[in-house]
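Everything on this sheet refers to the single structure shown next.
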Amino acid sequence: MSLAELHRPKTWQEVIGQDKAVSTLQRIARAGGWGGKAYWIAGSSGTGKSSIGRLIAAELAESWHTDEMDAAELTADKMREIERAMQVRGMAGASGRTGKAWIVNEAHGLTSSQSRKLLTLLEPEGGIPRHVAFIFTTTNEGEEALFEGCLDAKPLLSRCIEVPLARRGLAEAFAKRARAIALAAGLDGKPERAYLELVKSKRNNMRAVLQEIEAGAMIAEGG
């Protein structure tokens with residue numbers, strides 16, 4: 001397993017640099033629960049979109065009732081399958097959660113026909129069932145291109161809770177976390193400032209930073 005997957009946040013407390021987004025989500029959940037909603041998470045690559053999406057899903061559904069896919073996989077047949085599945089609660093495990101969650105990554109790849117069909121899923125009679133959540137993730141750049149080229153995507157966004165992720169002020173927190181991971185993996189050998197430089201060179205893409213560490217970038221020469 002890669003360092004990025006091994007150290008992916010498993011709790012809200014482990015999410016780094018996205019305090020505002022996490023606080024917003026938890027406030028929404030306290031007010032009305034996690035289900036019955038669609039979430040739109042936009043942020044730069046490697047800043048926590050998928051991790052936050054999976055944490056939302058985990059609040060509602062067991063892993064076997066969480067379906068994660070890219071937008072390209074959201075075919076007409078797939079959406080018909082989702083429409084049927086969302087009518088029935090899931091089988092509870094040890095946690096007792098009976099919800100279902102669908103995560104759609106690379107949401108900037110949605111087409112007009114996909115967006116129109118998704119509108120019907122997000123607006124069933126009586127609204128999205130309380131045990132269901134839809135989670136869309138996209139890069140900031142992809143989001144901008146989507147709304148310029150796909151007019152049907154704007155009504156889709158209006159049915160979602162927007163969760164913009166921070167783009168600035170991440171370097172120090174990411175560097176500290178990256179060094180802790182490198183130390184734990186036996187891949188550290190350079191001073192703290194080297195991690196800050198690495199994070200900045202990767203434009204705060206934590207996944208790319210961990211890939212470099214895994215490749216030995218932070219091992220001192222001769223170490």
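Here, A, B, ... name the chains of the structure tokens in the order displayed, residue numbers run from 1 inside each chain, and ligands are numbered from 1 in the same displayed order.
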I want to know what sits within 12 Å of Gly96 in chain A, based on only C-alpha atoms, with residues of the same chain fewer than 2 positions away left out; could you give that as number ranges by chain?
A: 58-62, 89-94, 98-99
Residue contacts of Thr137 in chain A (8 Å, only C-alpha atoms) excluding same-chain residues fewer than 2 positions away, as number ranges by chain:
A: 40-42, 49-50, 53, 103-107, 135, 139
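Between Lys117 in chain A and the candidates A:Ala85, A:Val15, A:Val22, A:Leu74, the tightest atom-to-atom separation, counting only C-alpha atoms, involves A:Leu74.
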Tell me which protein, DNA and RNA residues are within 7 Å of Ala38 in chain A, counting only C-alpha atoms, leaving out same-chain ones fewer than 4 positions away, and put them as a PyMOL selection string.
chain A and resi 133-135+159-161
Which of range 5-70 of chain A counts as alpha helix (DSSP H) under DSSP, as a PyMOL selection string please?
chain A and resi 5-6+19-32+49-60
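The residues of range 24-144 of chain A that DSSP assigns to strand (DSSP E or B) on this backbone come out as Lys37, Ala38, Tyr39, Trp40, Ile41, Ala42, Gly43, Thr66, Asp67, Glu68, Met69, Asp70, Lys100, Ala101, Trp102, Ile103, Val104, Asn105, Val132, Ala133, Phe134, Ile135, Phe136, Thr137, Thr138 and Thr139 of chain A.
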Figure out the distance between CA of Ala145 in chain A and CA of Lys20 in chain A, please, to one decimal in Å.
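These two atoms are separated by 24.9 Å.
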